[in-house]
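*Asks:* If you scroll down you'll find the structure; I have some questions about it.
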Number of protein chains: 2
Amino acid sequence: MLFSTRAEYGVRLMVELGRQEGGTPVALSAVAESERLPLSYLEHLVAKLRRAGLVDSQRGAHGGYRLGRPADEIQMLDVVQALEGTIAPMECFHPDPEGKVSCSHESDGDHACATKLLWTRVQGGVTKALSGTTLAELVEFSDQHAPAPGQAAATAA
Amino acid sequence: MLFSTRAEYGVRLMVELGRQEGGTPVALSAVAESERLPLSYLEHLVAKLRRAGLVDSQRGAHGGYRLGRPADEIQMLDVVQALEGTIAPMECFHPDPEGKVSCSHESDGDHACATKLLWTRVQGGVTKALSGTTLAELVEFSDQHAPAPGQAAATAA
DNA sequence: CCTTATCGGGACCATCACGGTCTGGTACTT
DNA sequence: AAGTACCAGACCGTGATGGTCCCGATAAGG
């Protein structure tokens with residue numbers, strides 16, 4: 001598996017915040033309930049998002065979370081990286097400071113791993129998909145496919 | 001991490017076989033030694049490759065493994081899938097028989113997860129990268145960057 | 001035939017990340 | 001001051017991963 005539930009839950013959280021863009025801050029407990037996710041786990045995830053500047057928090061009564069910037073300026077690559085750390089298709093695969101990837105096996109002295117070529121391409125594909133998708137797109141997608149949870153449909157028609 | 005060492009080792013094994021294409025069968029122990037991989041672990045991996053028809057085996061003395069078909073007809077998607085199973089970026093994400101992906105959360109009744117759109121794109125990127133790379137490419141890449149392990153270079157001019 | 005080299009496959013196991021909980025703060029609003 | 005909500009960390013059960021070990025089947029060679 002490429003991503004764990006961290007990314008899944010975290011993205012769901014971001015989408016939820018995106019749907020309330022411009023309104024009052026959204027409490028975590030509200031998100032936990034509507035998405036049926038464990039609250040205490042969400043707290044960990046939202047902390048990562050906050051440290052990455054992707055959400056702003058408002059403490060105190062009637063506090064909650066808000067997007068750190070407009071949804072259409074948030075690439076999903078940022079979100080996923082904040083949640084999961086560096087994206088790498090393989091253990092022995094970490095970008096050095098300059099951005100080039102290096103594989104731990106290469107220092108073996110003999111030849112560069114042939115696999116490097118493959119994993120580089122895979123990583124490129126993933127990164128491209130993630131950076132090419134904005135939170136705004138997901139919010140829109142979500143709104144289209146959400147016929148109002150419990151009550152009658154209000155937005156549609 | 002998207003892939004485990006299964007894929008890494010397995011691909012290395014395939015590349016090694018690809019470099020000996022046309023010759024006598026290669027014993028696993030030879031591969032294990034030249035790639036410095038645990039033999040008993042390789043045995044498990046090669047079994048998966050054999051069941052997928054990607055390698056042929058020859059038992060008995062002077063036996064070993066050979067590619068099941070020409071290297072340029074082997075997509076790395078086949079190799080990786082044989083080793084790792086179905087490729088999915090996320091736990092709750094499995095293609096149904098028709099090829100469409102479905103998410104376990106969708107049966108919740110309310111709305112389709114917005115994340116589905118994202119993971120679908122990611123998976124597309126990965127699949128495209130893997131199926132667009134052939135074993136022959138990796139073998140060539142490997143030969144270029146391999147200045148003959150211990151002895152002097154023989155293949156290069 | 002018997003030995004040896006090699007594949008074939010199952011049982012077994014240690015480690016570690018993952019997913020999740022719990023507890024106790026700390027800051028802010030009313 | 002009291003309540004609400006964020007924040008940080010310790011803690012833990014489960015399961016996949018990565019790997020070993022052993023024994024059986026098979027084929028070549030002497």
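Numbering starts fresh at 1 for the residues of each chain in the structure tokens, the chains themselves are lettered A, B, ... in the order given, and ligands are numbered from 1 as they appear.
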Could you tell me which residues of chain D sit within 7 Å of chain B when counting only C-alpha atoms (C1' of nucleotides), and give me the result as a ChimeraX atom specification?
*Replies:* /D:19,26-28
*Asks:* Using the selection just defined, write its residues with C-alpha atoms (C1' of nucleotides) as a compact mmCIF listing (two decimals), in the first residue's frame.
*Replies:*
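Writing the result to part11.txt gives the following:
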```txt
# COMPACT_ATOMS: atom_id res chain seq x y z
C1' DG D 19 13.86 -13.65 6.75
C1' DT D 26 13.87 -33.99 -9.70
C1' DA D 27 17.30 -34.30 -12.78
C1' DA D 28 22.28 -34.83 -14.25
```
*Asks:* Residues of chain A were defined as contacting chain B if any atom lay at most 9 Å from it, counting only C-alpha atoms; please report them as a PyMOL selection string.
*Replies:* chain A and resi 1-5+7-8+11-12+15+76+87-92+109-115+117-119+121-130+133+138-150
*Asks:* I need the contact residues of chain C against chain A, so if you could list those with any atom within 9 Å, counting only C-alpha atoms (C1' of nucleotides), and return them as a PyMOL selection string, that would help.
*Replies:* chain C and resi 18-21+27-30
*Asks:* One decimal, Å: what's the distance from CA of His44 in chain B over to CA of Gln81 in chain B, could you say?
*Replies:*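 So the answer is 14.8 Å.
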